[in-house]
$ cat data-v3.cif   # mmCIF, C-alpha atoms
data_start
#
loop_
_atom_site.label_atom_id
_atom_site.label_comp_id
_atom_site.auth_asym_id
_atom_site.auth_seq_id
_atom_site.Cartn_x
_atom_site.Cartn_y
_atom_site.Cartn_z
CA MET A 1 0.00 0.00 0.00
CA ASN A 2 1.17 3.51 -0.68
CA ARG A 3 1.27 5.57 2.35
CA ARG A 4 0.99 4.39 3.49
CA SER A 5 0.17 2.12 3.43
CA PHE A 6 -2.16 -2.52 6.98
CA LEU A 7 -3.68 -4.59 10.76
CA ARG A 8 -6.78 -3.19 10.91
CA LEU A 9 -8.62 -3.44 14.05
CA GLY A 10 -10.09 -0.96 16.31
CA LEU A 11 -8.86 1.00 19.22
CA GLY A 12 -11.15 2.69 21.66
CA LEU A 13 -10.61 6.05 23.26
CA THR A 14 -8.85 4.45 26.22
CA GLY A 15 -6.62 2.18 24.21
CA SER A 16 -6.41 -0.41 21.48
CA THR A 17 -8.35 -3.51 22.42
CA ALA A 18 -9.60 -5.30 19.34
CA LEU A 19 -6.84 -6.16 16.86
CA MET A 20 -6.18 -9.50 18.48
CA ALA A 21 -9.92 -10.12 18.79
CA ALA A 22 -10.19 -9.98 15.04
CA CYS A 23 -7.31 -12.41 14.73
CA GLY A 24 -8.51 -14.78 17.44
CA GLY A 25 -6.25 -13.43 20.20
CA ALA A 26 -6.80 -12.30 23.74
CA PRO A 27 -7.81 -8.77 24.70
CA ALA A 28 -5.21 -6.36 25.98
CA SER A 29 -4.39 -5.99 29.65
CA PRO A 30 -4.71 -2.53 31.14
CA GLN A 31 -1.48 -0.61 31.72
CA PRO A 32 -0.85 1.35 34.93
CA GLN A 33 -1.29 5.10 34.82
CA GLY A 34 1.76 7.30 35.22
CA GLU A 35 4.29 4.54 34.62
CA GLN A 36 7.83 5.62 33.94
CA THR A 37 9.01 4.98 30.41
CA PRO A 38 12.80 4.86 30.40
CA THR A 39 14.80 3.67 27.46
CA THR A 40 17.06 0.69 28.15
CA ASN A 41 20.48 1.81 29.40
CA THR A 42 22.83 2.42 26.53
CA ALA A 43 26.54 2.98 26.25
CA PRO A 44 27.01 6.02 23.96
CA GLU A 45 30.12 4.51 22.47
CA SER A 46 28.06 1.53 21.32
CA LEU A 47 25.65 3.65 19.29
CA ALA A 48 26.26 4.46 15.66
CA LYS A 49 26.46 8.14 14.78
CA GLU A 50 23.74 7.74 12.17
CA LEU A 51 20.75 5.47 11.65
CA THR A 52 19.23 5.31 8.17
CA TRP A 53 15.52 4.52 8.14
CA TYR A 54 13.75 3.40 4.96
CA ASN A 55 10.23 4.65 5.66
CA TRP A 56 6.97 5.85 4.17
CA GLY A 57 6.78 9.56 3.33
CA ASN A 58 5.57 11.96 6.04
CA TYR A 59 5.61 9.10 8.52
CA ILE A 60 7.64 10.48 11.41
CA ALA A 61 7.44 13.77 13.28
CA ASP A 62 10.59 15.86 12.82
CA SER A 63 10.39 16.80 16.50
CA VAL A 64 10.74 13.15 17.48
CA LEU A 65 13.91 12.77 15.43
CA GLU A 66 15.29 15.95 16.98
CA LYS A 67 14.60 14.66 20.50
CA PHE A 68 16.29 11.35 19.78
CA LYS A 69 19.39 13.12 18.48
CA ALA A 70 19.45 15.45 21.50
CA GLU A 71 19.28 12.54 23.94
CA PHE A 72 21.43 9.94 22.18
CA GLY A 73 23.58 11.88 19.74
CA VAL A 74 22.33 9.81 16.81
CA THR A 75 21.12 11.40 13.59
CA VAL A 76 18.24 9.51 11.98
CA LYS A 77 18.30 9.89 8.22
CA VAL A 78 15.02 9.01 6.48
CA ASP A 79 14.81 7.69 2.92
CA VAL A 80 11.31 7.35 1.48
CA TYR A 81 9.58 4.62 -0.50
CA GLY A 82 6.13 4.65 -2.07
CA SER A 83 5.10 1.01 -1.72
CA ASN A 84 5.99 -2.13 0.17
CA GLU A 85 7.02 -3.72 -3.09
CA GLU A 86 9.45 -0.89 -3.86
CA MET A 87 11.03 -1.37 -0.45
CA GLU A 88 11.21 -5.16 -0.85
CA ALA A 89 12.81 -4.89 -4.29
CA LYS A 90 15.60 -2.74 -2.84
CA PHE A 91 16.70 -5.58 -0.56
CA LYS A 92 16.19 -8.35 -3.08
CA ALA A 93 18.17 -6.55 -5.77
CA GLY A 94 21.53 -6.61 -4.02
CA GLY A 95 21.21 -6.95 -0.29
CA ASN A 96 20.91 -4.22 2.32
CA PRO A 97 22.26 -0.93 0.92
CA GLY A 98 22.84 0.42 4.43
CA TYR A 99 19.46 0.68 6.12
CA GLY A 100 19.17 0.05 9.84
CA LEU A 101 15.39 0.23 10.10
CA ILE A 102 12.38 -0.31 7.80
CA THR A 103 8.61 0.03 8.18
CA PRO A 104 6.87 -2.79 6.29
CA SER A 105 3.12 -3.31 6.40
CA ASP A 106 1.65 -6.48 7.85
CA TYR A 107 1.74 -8.79 4.81
CA MET A 108 5.21 -7.61 3.83
CA VAL A 109 6.58 -8.58 7.23
CA SER A 110 5.59 -12.18 6.60
CA LYS A 111 7.07 -12.09 3.08
CA MET A 112 10.37 -10.73 4.36
CA ILE A 113 10.54 -13.26 7.18
CA ALA A 114 10.04 -16.06 4.65
CA ALA A 115 12.78 -14.59 2.43
CA ASP A 116 15.18 -14.30 5.40
CA LEU A 117 15.40 -10.52 4.99
CA LEU A 118 14.73 -9.57 8.63
CA GLU A 119 16.73 -9.89 11.83
CA LYS A 120 15.12 -11.17 15.00
CA ILE A 121 14.72 -8.26 17.42
CA ASN A 122 16.41 -8.42 20.82
CA PHE A 123 13.43 -7.53 22.99
CA ASP A 124 15.66 -7.27 26.06
CA ARG A 125 16.57 -3.89 24.56
CA ILE A 126 12.93 -2.86 24.01
CA SER A 127 11.79 -2.23 27.58
CA ASN A 128 8.96 0.00 26.35
CA PHE A 129 7.42 -2.82 24.33
CA LYS A 130 5.15 -3.27 27.37
CA HIS A 131 3.30 -0.13 26.27
CA ILE A 132 2.23 -1.70 22.98
CA ASP A 133 -1.27 -3.08 23.28
CA ASP A 134 -1.53 -6.87 23.19
CA SER A 135 -4.00 -6.56 20.33
CA HIS A 136 -1.10 -5.42 18.12
CA LYS A 137 1.18 -8.33 19.00
CA LYS A 138 1.53 -11.89 17.68
CA LEU A 139 -0.62 -11.23 14.63
CA TYR A 140 -0.88 -13.36 11.53
CA PHE A 141 2.25 -11.96 9.85
CA ASP A 142 4.59 -12.46 12.84
CA PRO A 143 2.80 -14.94 15.12
CA THR A 144 5.70 -15.35 17.53
CA ASN A 145 6.45 -11.60 17.54
CA GLU A 146 10.18 -12.02 17.01
CA TYR A 147 10.71 -9.74 14.02
CA SER A 148 8.45 -6.69 14.41
CA VAL A 149 7.14 -3.98 16.70
CA ALA A 150 3.85 -2.26 15.86
CA TYR A 151 4.38 1.35 14.77
CA ASN A 152 1.10 2.73 13.39
CA TRP A 153 -2.17 1.29 12.20
CA GLY A 154 -5.17 2.46 10.25
CA CYS A 155 -7.73 1.70 7.60
CA THR A 156 -8.23 2.28 3.92
CA GLY A 157 -11.30 4.47 3.89
CA PHE A 158 -12.99 7.14 1.86
CA ALA A 159 -12.83 10.93 2.07
CA TYR A 160 -15.21 13.39 0.46
CA ASP A 161 -15.89 17.11 0.44
CA LYS A 162 -19.35 17.42 1.99
CA THR A 163 -20.00 20.67 0.13
CA LYS A 164 -19.50 19.02 -3.27
CA LEU A 165 -21.58 15.84 -3.07
CA PRO A 166 -25.37 15.63 -3.22
CA GLU A 167 -25.50 13.20 -0.29
CA PRO A 168 -23.12 11.68 2.29
CA ILE A 169 -21.17 8.59 1.34
CA THR A 170 -21.52 5.66 3.74
CA ASN A 171 -20.50 2.57 1.74
CA TRP A 172 -18.47 1.34 -1.24
CA LYS A 173 -21.60 0.49 -3.22
CA GLN A 174 -22.39 4.21 -3.43
CA VAL A 175 -18.88 4.83 -4.70
CA THR A 176 -19.26 2.27 -7.48
CA ASN A 177 -22.57 3.93 -8.44
CA TRP A 178 -20.83 7.28 -8.93
CA PRO A 179 -23.18 9.91 -10.41
CA GLU A 180 -22.63 10.92 -14.02
CA ALA A 181 -22.89 14.58 -13.00
CA LEU A 182 -19.65 14.22 -11.03
CA ARG A 183 -17.69 12.49 -13.76
CA GLY A 184 -13.95 13.09 -13.37
CA LYS A 185 -14.27 14.01 -9.69
CA LEU A 186 -13.60 10.60 -8.12
CA GLY A 187 -10.21 9.35 -6.95
CA MET A 188 -9.19 5.74 -6.35
CA LEU A 189 -5.93 4.28 -5.09
CA ASP A 190 -3.33 3.26 -7.63
CA ASP A 191 -2.81 0.03 -5.72
CA VAL A 192 -3.47 -3.43 -7.10
CA ARG A 193 -5.14 -4.98 -4.11
CA GLU A 194 -6.80 -1.92 -2.58
CA LEU A 195 -8.53 -1.05 -5.86
CA LEU A 196 -9.68 -4.57 -6.64
CA ALA A 197 -10.80 -5.08 -3.05
CA VAL A 198 -13.47 -2.42 -3.57
CA GLY A 199 -14.94 -4.32 -6.52
CA LEU A 200 -14.70 -7.65 -4.72
CA ARG A 201 -16.41 -6.41 -1.60
CA VAL A 202 -19.24 -4.66 -3.46
CA LEU A 203 -19.90 -8.00 -5.18
CA GLY A 204 -19.98 -9.77 -1.83
CA TYR A 205 -16.55 -11.42 -2.04
CA SER A 206 -13.54 -11.18 0.24
CA GLY A 207 -10.80 -8.72 -0.59
CA ASN A 208 -8.56 -11.81 -0.39
CA ALA A 209 -10.47 -13.76 -3.04
CA THR A 210 -8.40 -16.25 -5.01
CA ASP A 211 -11.05 -17.50 -7.47
CA PRO A 212 -10.23 -16.13 -10.95
CA ALA A 213 -13.94 -15.67 -11.70
CA GLU A 214 -14.39 -13.44 -8.64
CA ILE A 215 -11.29 -11.39 -9.40
CA ASN A 216 -12.37 -10.95 -13.01
CA ALA A 217 -15.85 -9.92 -11.93
CA ALA A 218 -14.31 -7.21 -9.72
CA ARG A 219 -12.11 -6.17 -12.65
CA ASP A 220 -15.16 -5.77 -14.89
CA LEU A 221 -17.00 -3.73 -12.25
CA LEU A 222 -14.05 -1.37 -11.91
CA ILE A 223 -13.65 -1.04 -15.68
CA ASN A 224 -17.32 -0.06 -15.90
CA LEU A 225 -16.82 2.42 -13.07
CA LYS A 226 -13.82 3.86 -14.87
CA ARG A 227 -15.89 4.43 -18.00
CA GLN A 228 -18.74 5.91 -15.99
CA ALA A 229 -16.83 8.01 -13.48
CA ASN A 230 -13.47 8.59 -15.23
CA TYR A 231 -11.79 8.16 -11.85
CA THR A 232 -8.22 9.27 -11.16
CA LEU A 233 -5.75 6.64 -9.95
CA THR A 234 -3.17 8.02 -7.52
CA ASP A 235 -1.26 7.27 -4.36
CA SER A 236 -2.79 8.24 -1.04
CA PRO A 237 -0.75 11.41 -0.28
CA SER A 238 -1.63 12.73 -3.75
CA ALA A 239 -5.25 11.82 -3.12
CA ALA A 240 -5.18 14.15 -0.11
CA THR A 241 -3.64 16.92 -2.20
CA ASN A 242 -6.23 16.42 -4.93
CA ILE A 243 -9.23 16.64 -2.64
CA VAL A 244 -7.92 19.73 -0.88
CA ALA A 245 -7.30 21.40 -4.26
CA GLY A 246 -10.77 20.44 -5.48
CA ASP A 247 -9.41 18.36 -8.36
CA VAL A 248 -11.52 15.50 -7.01
CA PHE A 249 -14.54 15.69 -4.72
CA ALA A 250 -14.04 12.29 -3.11
CA THR A 251 -11.35 9.64 -2.98
CA GLN A 252 -10.26 6.29 -1.61
CA ILE A 253 -7.52 7.11 0.90
CA TYR A 254 -5.50 6.00 3.92
CA THR A 255 -6.29 7.30 7.40
CA ASN A 256 -3.34 9.64 7.93
CA ASP A 257 -3.66 11.28 4.51
CA ALA A 258 -7.37 11.84 5.12
CA VAL A 259 -6.60 13.44 8.49
CA ASN A 260 -4.07 15.75 6.84
CA ALA A 261 -6.58 16.68 4.12
CA ARG A 262 -9.18 17.45 6.77
CA ARG A 263 -6.72 19.72 8.55
CA GLU A 264 -6.34 21.68 5.33
CA ASN A 265 -10.05 21.69 4.48
CA PRO A 266 -12.56 21.21 7.33
CA ASN A 267 -15.24 20.29 4.78
CA VAL A 268 -13.46 16.99 4.13
CA VAL A 269 -15.20 14.05 5.81
CA TYR A 270 -13.34 10.79 6.36
CA ILE A 271 -15.24 7.53 6.81
CA ILE A 272 -14.64 3.82 6.96
CA PRO A 273 -17.33 2.59 4.55
CA GLY A 274 -19.92 0.44 6.24
CA ASP A 275 -19.64 -2.66 4.07
CA VAL A 276 -16.07 -4.06 4.31
CA SER A 277 -12.82 -2.10 4.36
CA THR A 278 -9.12 -2.80 4.75
CA ILE A 279 -7.31 -2.59 8.06
CA TRP A 280 -3.51 -2.55 8.19
CA GLN A 281 -0.60 -2.26 10.57
CA ASP A 282 2.84 -0.85 9.77
CA ASN A 283 5.74 -2.20 11.77
CA LEU A 284 9.27 -1.40 12.84
CA CYS A 285 11.71 -4.06 11.63
CA VAL A 286 15.48 -4.45 11.43
CA PRO A 287 16.58 -5.66 7.99
CA LYS A 288 19.31 -8.22 7.51
CA GLY A 289 22.69 -6.55 7.24
CA ALA A 290 21.73 -3.52 9.34
CA PRO A 291 24.92 -1.53 10.13
CA SER A 292 24.00 -1.34 13.83
CA GLN A 293 21.11 -3.43 15.07
CA TYR A 294 21.75 -2.10 18.56
CA THR A 295 21.20 1.51 17.45
CA ALA A 296 18.00 0.51 15.64
CA GLU A 297 16.67 -1.21 18.74
CA VAL A 298 17.46 1.77 20.96
CA PHE A 299 15.51 3.93 18.53
CA ILE A 300 12.59 1.48 18.46
CA ASP A 301 12.50 1.56 22.25
CA PHE A 302 12.49 5.36 22.14
CA LEU A 303 9.55 5.35 19.71
CA CYS A 304 7.63 3.12 22.13
CA ARG A 305 7.74 5.65 24.96
CA PRO A 306 4.12 6.77 25.47
CA GLU A 307 4.92 10.47 25.25
CA ILE A 308 6.96 9.97 22.07
CA ALA A 309 4.39 7.67 20.48
CA ALA A 310 1.69 10.24 21.22
CA GLU A 311 3.70 13.14 19.83
CA ASN A 312 4.30 11.18 16.66
CA ALA A 313 0.71 9.95 16.28
CA ASN A 314 -0.71 13.43 16.85
CA GLU A 315 1.58 14.89 14.20
CA ILE A 316 1.04 12.35 11.42
CA GLY A 317 -2.61 11.61 12.18
CA LEU A 318 -2.58 7.84 12.59
CA GLY A 319 -3.68 5.37 15.23
CA THR A 320 -0.98 4.46 17.71
CA PRO A 321 -0.77 0.93 19.13
CA ASN A 322 0.63 2.47 22.34
CA VAL A 323 -2.12 1.76 24.87
CA THR A 324 -0.42 3.73 27.64
CA ALA A 325 -0.40 6.88 25.51
CA LEU A 326 -4.13 6.44 24.96
CA LYS A 327 -4.93 5.69 28.60
CA GLN A 328 -2.95 8.66 29.81
CA GLY A 329 -4.86 11.00 27.50
CA LEU A 330 -1.80 11.94 25.47
CA ILE A 331 -3.57 11.56 22.12
CA ALA A 332 -5.26 14.68 20.76
CA PRO A 333 -9.02 14.44 21.45
CA GLU A 334 -9.94 15.17 17.83
CA LEU A 335 -8.09 12.00 16.88
CA ALA A 336 -8.81 9.79 19.89
CA GLU A 337 -12.53 10.46 19.68
CA ASP A 338 -12.74 9.99 15.90
CA LYS A 339 -14.11 6.53 15.18
CA ALA A 340 -12.61 6.62 11.68
CA VAL A 341 -9.13 7.09 13.17
CA TYR A 342 -9.64 4.80 16.17
CA PRO A 343 -12.49 2.56 15.05
CA ASP A 344 -14.15 0.09 17.35
CA VAL A 345 -12.79 -2.98 15.63
CA ALA A 346 -14.58 -5.42 17.89
CA ALA A 347 -17.90 -3.84 16.95
CA LEU A 348 -17.03 -3.74 13.24
CA GLY A 349 -15.99 -7.39 13.26
CA ASN A 350 -15.92 -8.82 9.74
CA ALA A 351 -16.39 -5.34 8.28
CA LEU A 352 -12.59 -5.00 8.51
CA GLU A 353 -10.07 -7.37 6.96
CA PHE A 354 -6.37 -7.51 6.26
CA LEU A 355 -5.24 -7.85 2.67
CA LYS A 356 -2.96 -10.89 2.71
CA LYS A 357 -0.45 -11.36 -0.07
CA GLY A 358 2.36 -13.68 -0.98
CA ASP A 359 1.04 -16.49 -3.20
CA PRO A 360 2.81 -15.76 -6.51
CA GLN A 361 0.03 -17.20 -8.67
CA VAL A 362 -2.67 -15.23 -6.88
CA ASP A 363 -0.57 -12.06 -6.89
CA GLU A 364 -0.05 -12.44 -10.63
CA ARG A 365 -3.79 -12.91 -11.13
CA TYR A 366 -4.48 -9.65 -9.34
CA GLN A 367 -1.75 -7.82 -11.22
CA ARG A 368 -3.13 -8.94 -14.56
CA ALA A 369 -6.64 -7.75 -13.62
CA PHE A 370 -5.23 -4.44 -12.41
CA ASP A 371 -3.29 -3.91 -15.63
CA GLU A 372 -6.45 -4.55 -17.63
CA ILE A 373 -8.31 -1.94 -15.59
CA LYS A 374 -5.57 0.65 -16.17
CA THR A 375 -5.48 0.09 -19.92
CA ALA A 376 -9.24 -0.10 -20.44
#
$ encode --input "data-v3.cif" --output "C-alpha cells"
Amino acid sequence: MNRRSFLRLGLGLTGSTALMAACGGAPASPQPQGEQTPTTNTAPESLAKELTWYNWGNYIADSVLEKFKAEFGVTVKVDVYGSNEEMEAKFKAGGNPGYGLITPSDYMVSKMIAADLLEKINFDRISNFKHIDDSHKKLYFDPTNEYSVAYNWGCTGFAYDKTKLPEPITNWKQVTNWPEALRGKLGMLDDVRELLAVGLRVLGYSGNATDPAEINAARDLLINLKRQANYTLTDSPSAATNIVAGDVFATQIYTNDAVNARRENPNVVYIIPGDVSTIWQDNLCVPKGAPSQYTAEVFIDFLCRPEIAAENANEIGLGTPNVTALKQGLIAPELAEDKAVYPDVAALGNALEFLKKGDPQVDERYQRAFDEIKTA
C-alpha cells in the first residue's frame, strides 16, 4: 500500500483492544497510569552516529527525530519509498544498501521473514514494548512476535468534500454507483489490491479472493466504473492533495492522509465505509545486514515511549498501538474520539479485513486484472 500504506482493528478512546480479537487473540491488559518509560540503558560509544531509516513519506514527526538526536547523539536519516514492493525490491536486488530500520506493512513482514530478509529483534533492549497493546502483537504476519514492533495502524477508507456531493457517502456500493454529474471528480488508489478489493467487496466477495472468476468480476465492475466516473488513480498522499485542491470531490484514501486533508479543508469528511474495508498495521523491523542493530533497537525503544508515540501519532494523524499513551490522555481528542481514526474494531468485526499477499500465482492474477483496468 502507498502511504501508506495494513492490521486493521479498532482502538477505543482508552486504548487499542480489538486487533487480536479480530485475529482470534486475547484482549489487551490494562497498563498502569503514570508509569515511567525509560529507554534501556545504553553505552554512547556503542551507538552508531547515524541510523538510516527506509520509511513511508511523512511518517515520522521531525520533532521526534530531533529529541532522539538530542538525547542519544544519533542522527536519523530518512529515505522514502512509495510502496511495500518498492522497499522489498531494494533488498532483493543486491542486499541491504545500508538501512538500519524499515517500516513494512503487515503482509510484507511475513514475506520478508520467509525470504530471510529480517533480523530477530532483541526484545531485552525494548523495555517500552510493554506499552504496545496486546491486540497489536503476535498477529498473523509475525505470530511469535520475534521480528516486528507495531508502529502505526489504520484503515483504507474514503474521504469526500461534503459541500460538493449531493449526499453523504456511507458505503463502497455508493462509490461504485458514482453519479454521471460528477464524472472526473472521483479518486481511487493506484494500488493493485486496494482497488480490486473495492470491486470484490461490493460483489460480496472477500478482498482476499483467489477465485479467478471473482477477481475478473471485480475487474469488470471497476472497468465499468472507470468508464462511468473517469476516476483518477493516484497514491494516497496525492489523493489528499487532490481533494484539498478540489481536483476530485471524493477519494479512496488512507487514514493519515485523510486526516491531513481534513486539517487543510474542514469540509473533508473521512469515513470507513460500512460494508467491508481494509485494516492494516505498519511495523518497525530491522533488515538483515543492518549496520547497527543495537542503534536501531534503541531507537525502536524510544519510539515506544508513550509520550513519544503520542507526539508522533498526533503529528502524522494515525492510530498508535501504544495503549499507555491512549490511557494517559496523550492523544489529541480530535483523533482519539474519531471513530474513523480509532475505530471500534470489535464492533465492526468482519467489516474490517487484512489484505494478505504472498502467493505468486494469486498475486499475478491480481496484477493482470489491475493492468487490464488501467489500460481499459
$ resolve_selection --input "data-v3.cif" --expression "the PyMOL selection byres ((chain A and resi 168) around 12)" --output "list in words"
Phe158, Ala159, Tyr160, Asp161, Lys162, Thr163, Lys164, Leu165, Pro166, Glu167, Ile169, Thr170, Asn171, Trp172, Gln174, Val175, Phe249, Ala250, Asn267, Val268, Val269, Tyr270, Ile271 and Pro273 of chain A
$ atom_distance --input "data-v3.cif" --atom1 "atom CA of Ala115 of chain A" --atom2 "atom CA of Tyr147 of chain A"
12.7 Å
$ atom_distance --input "data-v3.cif" --atom1 "atom CA of Ala217 of chain A" --atom2 "atom CA of Gln361 of chain A"
17.8 Å
$ resolve_selection --input "data-v3.cif" --expression "the PyMOL selection byres ((chain A and resi 301) around 12)" --output "number ranges by chain"
A: 37-42, 68, 121-132, 149-151, 284, 294-300, 302-306, 308-309, 322
$ closest_residue --input "data-v3.cif" --among "A:Lys339, A:Lys356, A:His136, A:Lys374" --to "Gly157 of chain A" --atoms "all atoms listed in the file"
A:Lys339
$ closest_residue --input "data-v3.cif" --among "A:Cys155, A:Ala369, A:Leu233, A:Ile60" --to "Leu186 of chain A" --atoms "all atoms listed in the file"
A:Leu233
$ residues_around --input "data-v3.cif" --residues "Glu307 of chain A" --least-positions-apart "5" --cutoff "9 Å" --atoms "only C-alpha atoms" --output "PDB file with C-alpha atoms, keeping the file's coordinate frame"
ATOM      1  CA  THR A  37       9.010   4.980  30.410  1.00  0.00           C
ATOM      2  CA  ASN A 312       4.300  11.180  16.660  1.00  0.00           C
ATOM      3  CA  THR A 324      -0.420   3.730  27.640  1.00  0.00           C
ATOM      4  CA  ALA A 325      -0.400   6.880  25.510  1.00  0.00           C
ATOM      5  CA  LEU A 330      -1.800  11.940  25.470  1.00  0.00           C
TER       6      LEU A 330
END
$ closest_residue --input "data-v3.cif" --among "A:Leu203, A:Ile215, A:Leu355, A:Leu326" --to "Ser277 of chain A" --atoms "all atoms listed in the file"
A:Leu355
$ resolve_selection --input "data-v3.cif" --expression "the PyMOL selection byres ((chain A and resi 197-201) around 9)" --output "number ranges by chain"
A: 172-173, 176, 192-196, 202-209, 214-215, 217-222, 275-278, 355
$ residues_around --input "data-v3.cif" --residues "Lys90 of chain A" --least-positions-apart "2" --cutoff "12 Å" --atoms "all atoms listed in the file" --output "count of residues only"
22
$ closest_residue --input "data-v3.cif" --among "A:Glu311, A:Ile223, A:Thr144, A:Thr241" --to "Asp62 of chain A" --atoms "all atoms listed in the file"
A:Glu311
$ closest_residue --input "data-v3.cif" --among "A:Phe370, A:Trp178, A:Tyr59, A:Trp280" --to "Phe141 of chain A" --atoms "only C-alpha atoms"
A:Trp280
$ residues_near_point --input "data-v3.cif" --point "(-14.2, 13.1, -7.2)" --cutoff "8 Å" --atoms "all atoms listed in the file" --output "list in words"
Tyr160, Leu182, Arg183, Gly184, Lys185, Leu186, Gly187, Tyr231, Ile243, Asp247, Val248, Phe249, Ala250 and Thr251 of chain A
$ atom_distance --input "data-v3.cif" --atom1 "atom CA of Thr52 of chain A" --atom2 "atom CA of Gly289 of chain A"
12.4 Å
$ residues_around --input "data-v3.cif" --residues "Ala376 of chain A" --least-positions-apart "3" --cutoff "9 Å" --atoms "only C-alpha atoms" --output "list in words"
Ile223, Lys226, Arg227, Asp371, Glu372 and Ile373 of chain A
$ write_last_selection --input "data-v3.cif" --atoms "C-alpha atoms" --output "JSON list (two decimals), keeping the file's coordinate frame"
[["chain", "number", "residue", "atom", "x", "y", "z"],
["A", 223, "ILE", "CA", -13.65, -1.04, -15.68],
["A", 226, "LYS", "CA", -13.82, 3.86, -14.87],
["A", 227, "ARG", "CA", -15.89, 4.43, -18.00],
["A", 371, "ASP", "CA", -3.29, -3.91, -15.63],
["A", 372, "GLU", "CA", -6.45, -4.55, -17.63],
["A", 373, "ILE", "CA", -8.31, -1.94, -15.59]]
$ closest_residue --input "data-v3.cif" --among "A:Ala245, A:Val341, A:Asn283, A:Gln293" --to "Asp142 of chain A" --atoms "all atoms listed in the file"
A:Asn283
$ residues_around --input "data-v3.cif" --residues "Asp282 of chain A" --least-positions-apart "3" --cutoff "6 Å" --atoms "all atoms listed in the file" --output "list in words"
Phe6, Pro104, Ser105, Tyr151, Asn152 and Trp153 of chain A
